[in-house]
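Here the structure is laid out as structure tokens; the discussion comes afterwards.
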Amino acid sequence: MIKTDPVPVPMDEHTTESPQSWRERQKAAAKKKAAAMWEDTKRSSKSIVYRNRRQLYPLAYTSATAAVGTTGALVAEYSDLAMPTVVMGTGAVALTAGYAALRKIGSKLPDGILGRFKIGLMAGCAWCATLPLTGADAATMWLALGLGTVSLSARWWQRIRPGYPSGPTVAEPAPEPTRDVDEEMATAYELMQVWADEIGCTNGVLAGTRLDNPRLFEAGVVFTISLKGTRHNLDAVRNAVDKIAIAVGYWPKDISVSQGPQPHLVELRVVTRPDAIDGGFHGPVIVDDGKGNVWVEIGPYTDGEGVERWHVFEPNSVVGGFVLGSKGSGKSRLIELVAIALRKLGVEIWYLDPQNGASSPALIETADWPMKGMHKGGTLFGNVLDLLDALEDVTTVRSAENTDVLKVEGFTHTRERPAIVVIVDECHMVFNEKNPRTGNTFGHDFGELDRIMRKCGLAIIGASQTYTMDTFGQSAALRSGLVGGNCVIMRMLEKSHCGLLPGNVPAPWDIPKGGGYGYCLGSDRDGVLWRSRKPDNVEQWMRAYPPATLDDLVRNVLGEMYENRHEAAEQDSAYMRDLLERMRTATPEEARQIRAEIRRRRGGKAGDSEQPQQAGVLAVPEPPAMITALNPAPAASDPQVPLRELGDGEQQLMELLADGREWRTSEMAERLGVSEVTVRKRIKRLESRLVLVRKGVYRAKHL
């Protein structure tokens, strides 16, 4: 054998370790790999033994029998004990162990196996008593033990299969549980009796009411409540759901109240079979009535009677919406569900998140135009201004296209001429900021555009944790446009953030925990609780459908601002990374300036003592033409007519309307403790300060 020299390790000017240390490192890596392989082998062995543990039961008993018999044979061979004593002792030990095993598992064995088990116990005792006589090296004894084990265990191994499938199998659908109608109806009559004893009795929360006409639906039972002859109404029944739940023994989320077929009738649904409600997400469900209306299903009602829907299109228009919910209520997940449906429909999705993409990372990655934060690079509110410009440009050209080219009244979505939906998460952070170009709030400027852009194929969906006028930048037009389309109310904890909610809807703070629960204003089942479906992988669902392609007219009018949108988003992320990197090595003065810049980008107000001036930024340009046209400046010569002082009654009425809500004259009269005639007289004297929403309903003009 020829001895060869070891192969030298290549060295260059960048190598700092010696050949010896390189070999030691290789040995250490090999040992580590060997240890990992050994651990993997042990885990695999344990897994195999665990999966086949029931198949190994006969072998375990045989091993115990062999151990007892061998011990007796060795004692007989090497001890001075008499052979009969050893034989009887070995047999007694085997018999005791066998009896204990029979007591422990005998009742658990199936028919046909127990008899074989008893035969095996007796044969094992005989084998243990015989082995000391023949010696441990008797081959015939071991052959008899092996053949006996196989013959007696064959039926067991035939019945008990390994704990994993031998090949791919198709799971059969589980049989639907049978429904015991008689038992459910008996339960319904018991609930009617409970109602009469605790709810509708003289001292009950809904005294004088009757619960009758029980009938089954898919997930439970529905009753009719008669309010005739009582002082209660639908709102009173809804407000009493918690007490009703305590009386009947069901959770409040499993009880729903809705208007019946006649004014004095209310329907009460109680879910007794929650498993019958399918709340899983299996892909977006689109509903088209063939008349221009398109909805997407967002989740089943908690009473199992139907599914809530989000209105996407109506004839000649695109529908926006507003989602209210506190942190953890599920509003961002609901927005993602709607976005998946929009992508399936071929709608262009623009997504603005003032929290720099933290609200929905999936939409930031998959939206057609993602905007991380309100600011763009070093430009304050750069993303919001770009969005406002884009909406104005598209509205201008599409309005002209509708009237001068297509000769149509509104907009109909097609994949060749797609609609554009703008999703603004945490919209109160955007709309309540002041536009540096116009001096208005962004909510005011977006609201003026919203009046006309829906018939041009554009709509806004806002999501927020508050529902006050600040949420919409003090813009009644924007609030009306968003809430008038879809208005979703999810769980809220702060009552002061819900000042604009109508008084006849369920309280958001009573919505169950867990996320996804909510109700819709103006839906087919107004105020009935539902739970939205939750997609497992939003990004995967978004990429499962092809994104929209804007028509050439819109793409060209948007120009480089749109074509470079993804590069701008990456540059914005790079700008923030650069700020953070500079902060690591900054001096105290530099750190103060960088901190102020980060605060500014996070929505810092103008006038912040640490807010630096923007270096190199050009003067603010003139407002866009459409915004100027929609917001004409008052003429300097217009006389300012001073408002007269209010009387005590008028002042009380204005203070009542200061919350921004829409009030009926009957509600105002009840709250102020006066007659409706008096309220109407005061309203007539306050015509210049009030807005008539509809007959008998008013709100303050500037709220």
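Following the order of the structure tokens, first chain is A, next is B, and so on, with residues numbered from 1 inside each chain and ligands from 1 in the order they appear.
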| said: Need the shell around A:Lys327: protein/DNA/RNA residues with any atom at most 9 Å away, counting only C-alpha atoms. Skip same-chain ones fewer than 5 positions apart. Format as a VMD selection string? | reply: chain A and resid 465 491 to 492
Write a file of the selected residues as an mmCIF file, in the first residue's frame, keeping C-alpha atoms.
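again_38.cif, written as the output of this step:
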```cif
data_model
loop_
_atom_site.group_PDB
_atom_site.id
_atom_site.type_symbol
_atom_site.label_atom_id
_atom_site.label_comp_id
_atom_site.auth_asym_id
_atom_site.auth_seq_id
_atom_site.Cartn_x
_atom_site.Cartn_y
_atom_site.Cartn_z
ATOM 1 C CA GLN A 465 -61.691 52.267 15.372
ATOM 2 C CA ARG A 491 -67.029 44.902 18.530
ATOM 3 C CA MET A 492 -66.250 48.242 20.190
#
```
| task | Name all residues at most 10 Å from A:Ile335 (count only C-alpha atoms; drop same-chain ones fewer than 6 positions away) and give them as a PyMOL selection string. | result | chain A and resi 298+322-323+360+363+423-425+461-463
Could you write out that same residue set with C-alpha atoms as a JSON list (two decimals), in the first residue's frame?
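Wrote part_38.json, looks like this:
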```json
[["chain", "number", "residue", "atom", "x", "y", "z"],
["A", 298, "ILE", "CA", -69.02, 37.63, 4.22],
["A", 322, "PHE", "CA", -67.24, 51.61, 6.16],
["A", 323, "VAL", "CA", -66.13, 49.07, 8.80],
["A", 360, "SER", "CA", -52.66, 43.72, 6.64],
["A", 363, "LEU", "CA", -52.77, 43.25, 1.15],
["A", 423, "ILE", "CA", -59.24, 50.54, 0.75],
["A", 424, "VAL", "CA", -58.11, 52.92, 3.49],
["A", 425, "ASP", "CA", -57.34, 51.08, 6.72],
["A", 461, "ILE", "CA", -63.82, 51.45, 1.65],
["A", 462, "GLY", "CA", -62.76, 52.83, 5.03],
["A", 463, "ALA", "CA", -62.00, 50.97, 8.26]]
```
| said: Residues within 10 Å of A:Asp552, please, as an MDAnalysis selection string. Count only C-alpha atoms; anything in the same chain fewer than 5 positions from it doesn't count. | reply: chainID A and resid 416:417 557:558
Requested write-out: N, CA and C atoms of the selected residues, as a PDB file, in the first residue's frame:
```pdb
ATOM      1  N   GLU A 416     -62.351  44.487 -19.068  1.00  0.00           N
ATOM      2  CA  GLU A 416     -61.665  45.378 -19.999  1.00  0.00           C
ATOM      3  C   GLU A 416     -61.651  46.815 -19.489  1.00  0.00           C
ATOM      4  N   ARG A 417     -62.629  47.164 -18.686  1.00  0.00           N
ATOM      5  CA  ARG A 417     -62.731  48.511 -18.106  1.00  0.00           C
ATOM      6  C   ARG A 417     -63.083  48.346 -16.624  1.00  0.00           C
ATOM      7  N   VAL A 557     -53.409  58.153 -18.305  1.00  0.00           N
ATOM      8  CA  VAL A 557     -53.651  59.390 -17.580  1.00  0.00           C
ATOM      9  C   VAL A 557     -52.954  59.377 -16.215  1.00  0.00           C
ATOM     10  N   LEU A 558     -52.774  58.181 -15.640  1.00  0.00           N
ATOM     11  CA  LEU A 558     -52.054  58.087 -14.369  1.00  0.00           C
ATOM     12  C   LEU A 558     -50.550  58.238 -14.559  1.00  0.00           C
TER      13      LEU A 558
END
```
| said: According to DSSP computed on the backbone, where in stretch 361-430 of chain A is there strand (DSSP E or B)? Give the residues as a PyMOL selection string. | reply: chain A and resi 369-372+376+379+420-424
Quick one: which stretch 523-599 of chain A residues come within 6 Å of stretch 263-282 of chain A, and what is the nearest atom pair for each with the distance in Å to one decimal, counting only C-alpha atoms, rows ordered by chain and ascending number, as JSON lines?
```
{"residue": "A:Arg533", "atom": "CA", "partner": "A:Phe281", "partner_atom": "CA", "distance": 5.4}
{"residue": "A:Lys534", "atom": "CA", "partner": "A:Phe281", "partner_atom": "CA", "distance": 6.0}
{"residue": "A:Pro535", "atom": "CA", "partner": "A:Phe281", "partner_atom": "CA", "distance": 5.6}
```
| Which is closest to A:Arg555 among A:Ala240, A:Val693, A:Leu646, A:Val394, if we use only C-alpha atoms? |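 Of all the options, A:Val394 lies closest to A:Arg555.
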